[in-house]
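The next block holds one structure in the form of structure tokens; read it before the comments.
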Amino acid sequence: MNHDKTPVLEAIDQYRRSDDYTFSLPGHRFGRGIDDRTAAVLNRSTFEADVIMAKQAVSEAEELMADAVGACHAVFTTCGSSISIHTAMLTVTGPGKKILVDRNVHKSVVASLILAGAHPVWLRPCWDEERQIAHPASARDVEAALEREPDVSAVLMITPTEYGTGADARRIAEACHRRGLPLLVDEAWGAHFPFHPVLPTAAIQAGADLVVQSLHKADGGLCQASMIQVGGDLVDPVDLRLRLDLITTTSPSALLYGSIDGFRRRMVIEGRGLLEEAIGRANALRDRLAALKGLSVMDESIIDQPGVAEWDPLKLSVDVTELGITGYQAKEWLLEQHKLTVQLGDTRRVVCSLTYSDDDVAFQRLGDALEALATDPPAADREAPRIPPLHEFDLEQAMPPRDAYFGETEQAADPAGRISAEMISPYPPGVPAVLPGERFNRAVVDYLRAGVAAGMEVPDASDPKLGTFRVVRG
Ligand SMILES: Cc1ncc(COP(=O)(O)O)c(C=O)c1O
């Protein structure tokens with residue numbers, strides 16, 4: 001196929017050059033109706049490109065994308081990977097059906113379970129007690145779970161995790177396919193994986209049946225640009241489109257589609273070189289940081305820890321515990337002192353998403369800031385939350401998520417032993433520590449409260465300060 005073509009961008013461009021006029025939408029009439037003060041910030045050309053008619057060119061752009069990544073089909077979406085995940089989940093599962101799900105999922109998966117009325121069978125992540133993080137469930141755990149639960153409708157994995165550790169997607173896909181089950185993979189941070197061999201294997205190439213990617217997270221799409229890829233014939237692409245139609249907007253943004261189109265062209269033509277450079281810079285930065293006292297930098301030696309089959313070299317994970325501060329404080333310090341925003345700060349570390357857009361100057365700036373942190377760290381200004389033994393995070397699913405979410409609820413100041421009616425997801429990364437239907441235990445309640453005191457944010461909680469928790473009444 002001719003990957004120099006960008007059907008959506010060309011449709012937008014053609015419309016702008018024509019003298020067509022619309023008495024339909026958008027009401028701003030391609031920027032004519034906006035004032036100069038708005039144009040000064042958003043740029044009039046943004047509105048000129050807001051050509052909804054360009055959606056007619058999307059199917060050709062999707063075919064080009066499918067060809068570029070080795071999928072049978074690609075479906076572009078415009079409400080983020082959250083809507084792609086809802087769509088994918090509603091396609092492979094439904095009311096009362098069971099689905100095997102890695103518990104380390106993003107909150108959008110839990111929302112999908114609530115929307116679908118499906119029953120999760122949780123796969124416990126591989127807890128890494130040394131680093132105090134979760135890696136994906138292992139292929140062996142998936143195989144064992146499929147033996148125990150022969151009536152699940154599908155399997156969902158998230159890989160790589162927010163720390164960049166990846167599952168053995170190929171072996172998990174084989175285990176699913178031996179039973180005729182589709183494998184759905186949330187690969188939100190990996191839209192560039194198909195374009196360089198050193199990066200984790202793209203899930204679609206590892207045999208996954210449905211893959212969800214955000215184009216805006218580590219790649220060149222505008223925010224909310226996302227994509228679902230279909231591999232093999234276990235998922236009906238017509239069902240997928242009908243489910244998307246059920247929940248998405250009827251006025252998609254051509255800007256988002258156009259950004260996906262341009263990203264695919266760039267990756268096919270120049271992706272390998274761009275990513276090669278980015279990986280080289282990331283490795284050089286890791287070498288520089290590894291030589292510094294007080295910082296512990298994750299590297300490829302993480303591969304072969306239980307659950308870790310692959311590792312993403314463009315995730316920079318730096319443990320700052322030895323400096324005597326938390327990752328929350330380090331994150332704030334980097335922003336205040338160096339105007340640098342990192343992807344996440346947690347109890348122990350900061351994580352940066354490195355991309356092909358970061359040039360030498362940006363890498364130098366990040367390296368200098370982390371070196372300054374290591375050389376002259378701030379005094380600890382808060383207590384680090386005690387992380388309980390990680391198996392304490394394995395909460396009992398006492399009720400289906402949907403029943404708990406829509407049931408009678410009340411706010412409880414001491415929820416230990418009660419059934420949650422809400423999600424509580426430290427953000428980022430947005431993996432719920434507690435979700436509807438799970439029974440709170442003391443360790444998780446204490447950890448969350450200590451976390452919030454130390455700088456953790458839980459924006460989806462009914463009370464983000466965690467004074468009270470929403471629980472099932474009775
Ligand atoms: C792993 C993962 N999946 C899904 C999502 C949802 O993506 P979006 O913000 O594009 O809706 C996120 C967002 O942070 C994520 O990290």
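Letters A, B, ... go to the chains of the structure tokens in the order shown; residues in each chain start at 1; ligands are counted from 1 in the same order.
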Self-check item: All residues having an atom within 8 Å of ligand 1 (only C-alpha atoms and all ligand atoms) as a count of residues only
Solution: 34
Glu129 in chain A environment, 10 Å, only C-alpha atoms, sequence neighbours closer than 5 positions dropped, as a PyMOL selection string
chain A and resi 134+387-391
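For the pair CA of Phe440 in chain A and CA of Met399 in chain A, the separation is 12.3 Å.
Each of A:Asp20, A:Ile260, A:Ser153, A:Val41 was compared to Val58 in chain A using only C-alpha atoms, and A:Ile260 turns out to be the nearest.
Distance-wise, CA of Arg386 in chain A and CA of Gly324 in chain A end up 13.6 Å apart.
In terms of minimum interatomic distance to His119 in chain A, A:Ala154 ranks closest within A:Ala154, A:Ile52, A:Ala145, A:Ile12, counting only C-alpha atoms.
Straight-line separation from CA of Leu295 in chain A to CA of Leu275 in chain A: 25.7 Å.
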Item checked: Residues within 10 Å of Thr468 in chain A, only C-alpha atoms, excluding chain neighbours under 3 positions, as a PyMOL selection string -> chain A and resi 410-415+461-465+471
